[in-house]
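Remarks on the structure that follows.
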Amino acid sequence: VTTACSQGNLNQCGCDREKHGYHTQEEGWKWGGCSADIKYGVEFSRRFVDAREIRKNARRLMNLHNNEAGRKILEERTKLECKCHGVSGSCTTRTCWITLPKFREIGYMLKERY
């Protein structure tokens, strides 16, 4: 869902607006591009995936725990990607954005931890 939002494929969401256009002169970079709106994706998954767990039993608790574990790994593994701008590749300014980890990377981390 988050990737679809960042690519403009869904009408109800888009890029993370909190991380667009912010500039730090001291560090020489600014937020730009289209940062993944992680918060939107996580909240969407809570409403959509967790909503299926309606029974009050141990399996429900396990599934909710597993869902949250996946969201936690995703949030921990987000990456800052940057692109340099400047004359002859001098990188006087960098434009940076947040990206999601690869699906396979999340799977490996879940397998390793749990």
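Going through the structure tokens in order, the chains are called A, B, and so on, while each chain numbers its residues from 1 and the ligands are numbered from 1 in the order shown.
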### Task
With a distance cut-off of 12 Å and only C-alpha atoms, select the neighbouring residues of Glu43 (chain A), excluding the residue or stretch itself and same-chain residues fewer than 6 positions from it, and output the selection as a PyMOL selection string.
chain A and resi 1-2+37+49-51+67-68+71
For Thr99 (chain A), find every residue with an atom within 7 Å (counting only C-alpha atoms), except residues of its own chain fewer than 4 positions away, and show them as a short mmCIF file (atom, residue, chain, number, x, y, z; two decimals) with N, CA and C atoms, in the first residue's frame.
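Output saved as part36.cif:
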```
data_model
loop_
_atom_site.label_atom_id
_atom_site.label_comp_id
_atom_site.auth_asym_id
_atom_site.auth_seq_id
_atom_site.Cartn_x
_atom_site.Cartn_y
_atom_site.Cartn_z
N SER A 35 9.11 10.62 -0.37
CA SER A 35 9.33 9.72 0.76
C SER A 35 8.10 8.85 0.97
N ALA A 36 8.35 7.59 1.28
CA ALA A 36 7.26 6.66 1.57
C ALA A 36 6.53 7.11 2.83
N THR A 78 13.52 0.91 7.31
CA THR A 78 13.39 1.94 6.28
C THR A 78 14.76 2.57 6.04
N LYS A 79 14.97 3.07 4.84
CA LYS A 79 16.27 3.59 4.47
C LYS A 79 16.17 5.03 3.97
N LEU A 80 17.23 5.77 4.22
CA LEU A 80 17.36 7.11 3.68
C LEU A 80 18.18 7.00 2.40
N GLU A 81 17.57 7.35 1.28
CA GLU A 81 18.28 7.35 0.00
C GLU A 81 18.48 8.80 -0.42
#
```
### Message
as JSON, numbers by chain, please: every residue in chain A that a backbone DSSP assignment puts in strand (DSSP E or B).
### Response
{"A": [23, 24, 29, 30, 31, 79, 80, 81, 82, 83, 84, 85, 93, 94, 95, 96, 97, 98, 99]}
### Task
Tell me which protein, DNA and RNA residues are within 12 Å of Ile98 (chain A), counting only C-alpha atoms, leaving out same-chain ones fewer than 2 positions away, and put them as JSON, numbers by chain.
{"A": [2, 3, 6, 15, 16, 17, 18, 19, 20, 30, 31, 32, 33, 34, 35, 36, 37, 38, 39, 75, 76, 77, 78, 79, 80, 81, 82, 83, 95, 96, 100, 101]}
Can you write just those residues out, N, CA and C atoms, as a compact mmCIF listing (two decimals), in the first residue's frame?
```
# COMPACT_ATOMS: atom_id res chain seq x y z
N THR A 2 1.89 1.27 0.84
CA THR A 2 2.77 2.44 0.93
C THR A 2 3.47 2.70 -0.40
N THR A 3 3.94 1.66 -1.06
CA THR A 3 4.60 1.82 -2.35
C THR A 3 3.61 2.35 -3.38
N SER A 6 3.20 6.03 -2.84
CA SER A 6 4.37 6.79 -3.31
C SER A 6 4.42 6.89 -4.82
N CYS A 15 2.81 10.84 -1.12
CA CYS A 15 4.11 10.90 -0.47
C CYS A 15 3.96 11.42 0.97
N ASP A 16 4.95 11.17 1.79
CA ASP A 16 4.95 11.67 3.16
C ASP A 16 5.17 13.18 3.12
N ARG A 17 4.14 13.93 3.43
CA ARG A 17 4.21 15.40 3.34
C ARG A 17 5.09 16.02 4.41
N GLU A 18 5.30 15.31 5.52
CA GLU A 18 6.16 15.83 6.59
C GLU A 18 7.61 15.91 6.15
N LYS A 19 7.98 15.13 5.16
CA LYS A 19 9.38 15.05 4.76
C LYS A 19 9.61 15.62 3.36
N HIS A 20 8.81 16.57 2.96
CA HIS A 20 8.99 17.15 1.64
C HIS A 20 9.33 18.63 1.75
N LYS A 30 18.46 18.29 1.61
CA LYS A 30 17.06 18.62 1.81
C LYS A 30 16.19 17.42 1.50
N TRP A 31 15.02 17.39 2.15
CA TRP A 31 14.05 16.35 1.83
C TRP A 31 13.50 16.65 0.46
N GLY A 32 13.34 15.65 -0.34
CA GLY A 32 12.78 15.83 -1.67
C GLY A 32 12.31 14.49 -2.20
N GLY A 33 12.11 14.43 -3.49
CA GLY A 33 11.62 13.19 -4.07
C GLY A 33 10.28 12.85 -3.46
N CYS A 34 10.03 11.59 -3.28
CA CYS A 34 8.77 11.13 -2.71
C CYS A 34 9.06 10.13 -1.60
N SER A 35 9.11 10.62 -0.37
CA SER A 35 9.33 9.72 0.76
C SER A 35 8.10 8.85 0.97
N ALA A 36 8.35 7.59 1.28
CA ALA A 36 7.26 6.66 1.57
C ALA A 36 6.53 7.11 2.83
N ASP A 37 5.21 7.15 2.77
CA ASP A 37 4.41 7.53 3.93
C ASP A 37 4.18 6.29 4.79
N ILE A 38 5.19 5.98 5.59
CA ILE A 38 5.18 4.77 6.41
C ILE A 38 4.00 4.76 7.38
N LYS A 39 3.73 5.91 7.99
CA LYS A 39 2.63 5.98 8.97
C LYS A 39 1.31 5.57 8.34
N GLU A 75 9.36 -0.71 9.94
CA GLU A 75 9.72 0.63 10.39
C GLU A 75 11.20 0.72 10.73
N GLU A 76 11.77 -0.34 11.31
CA GLU A 76 13.20 -0.33 11.66
C GLU A 76 14.10 -0.34 10.44
N ARG A 77 13.66 -0.95 9.36
CA ARG A 77 14.51 -1.16 8.19
C ARG A 77 14.31 -0.14 7.07
N THR A 78 13.52 0.91 7.31
CA THR A 78 13.39 1.94 6.28
C THR A 78 14.76 2.57 6.04
N LYS A 79 14.97 3.07 4.84
CA LYS A 79 16.27 3.59 4.47
C LYS A 79 16.17 5.03 3.97
N LEU A 80 17.23 5.77 4.22
CA LEU A 80 17.36 7.11 3.68
C LEU A 80 18.18 7.00 2.40
N GLU A 81 17.57 7.35 1.28
CA GLU A 81 18.28 7.35 0.00
C GLU A 81 18.48 8.80 -0.42
N CYS A 82 19.62 9.08 -1.02
CA CYS A 82 19.95 10.44 -1.42
C CYS A 82 20.50 10.47 -2.84
N LYS A 83 20.33 11.61 -3.46
CA LYS A 83 20.90 11.86 -4.78
C LYS A 83 21.67 13.17 -4.71
N THR A 95 19.52 15.64 -2.27
CA THR A 95 18.08 15.49 -2.07
C THR A 95 17.86 14.09 -1.53
N CYS A 96 17.14 13.99 -0.41
CA CYS A 96 16.98 12.69 0.25
C CYS A 96 15.51 12.36 0.47
N LEU A 100 11.18 2.15 1.48
CA LEU A 100 10.87 0.90 2.18
C LEU A 100 11.95 -0.14 1.92
N PRO A 101 12.15 -1.04 2.86
CA PRO A 101 13.06 -2.16 2.60
C PRO A 101 12.42 -3.12 1.61
```
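Of note, CA of Gly14 (chain A) and CA of Phe44 (chain A) are spaced 13.1 Å apart.
Comparing the minimum interatomic distances between Phe103 (chain A) and each of A:Gln7, A:Asn57, A:Gly70, A:Val87, counting only C-alpha atoms, we find that A:Gly70 sits nearest.
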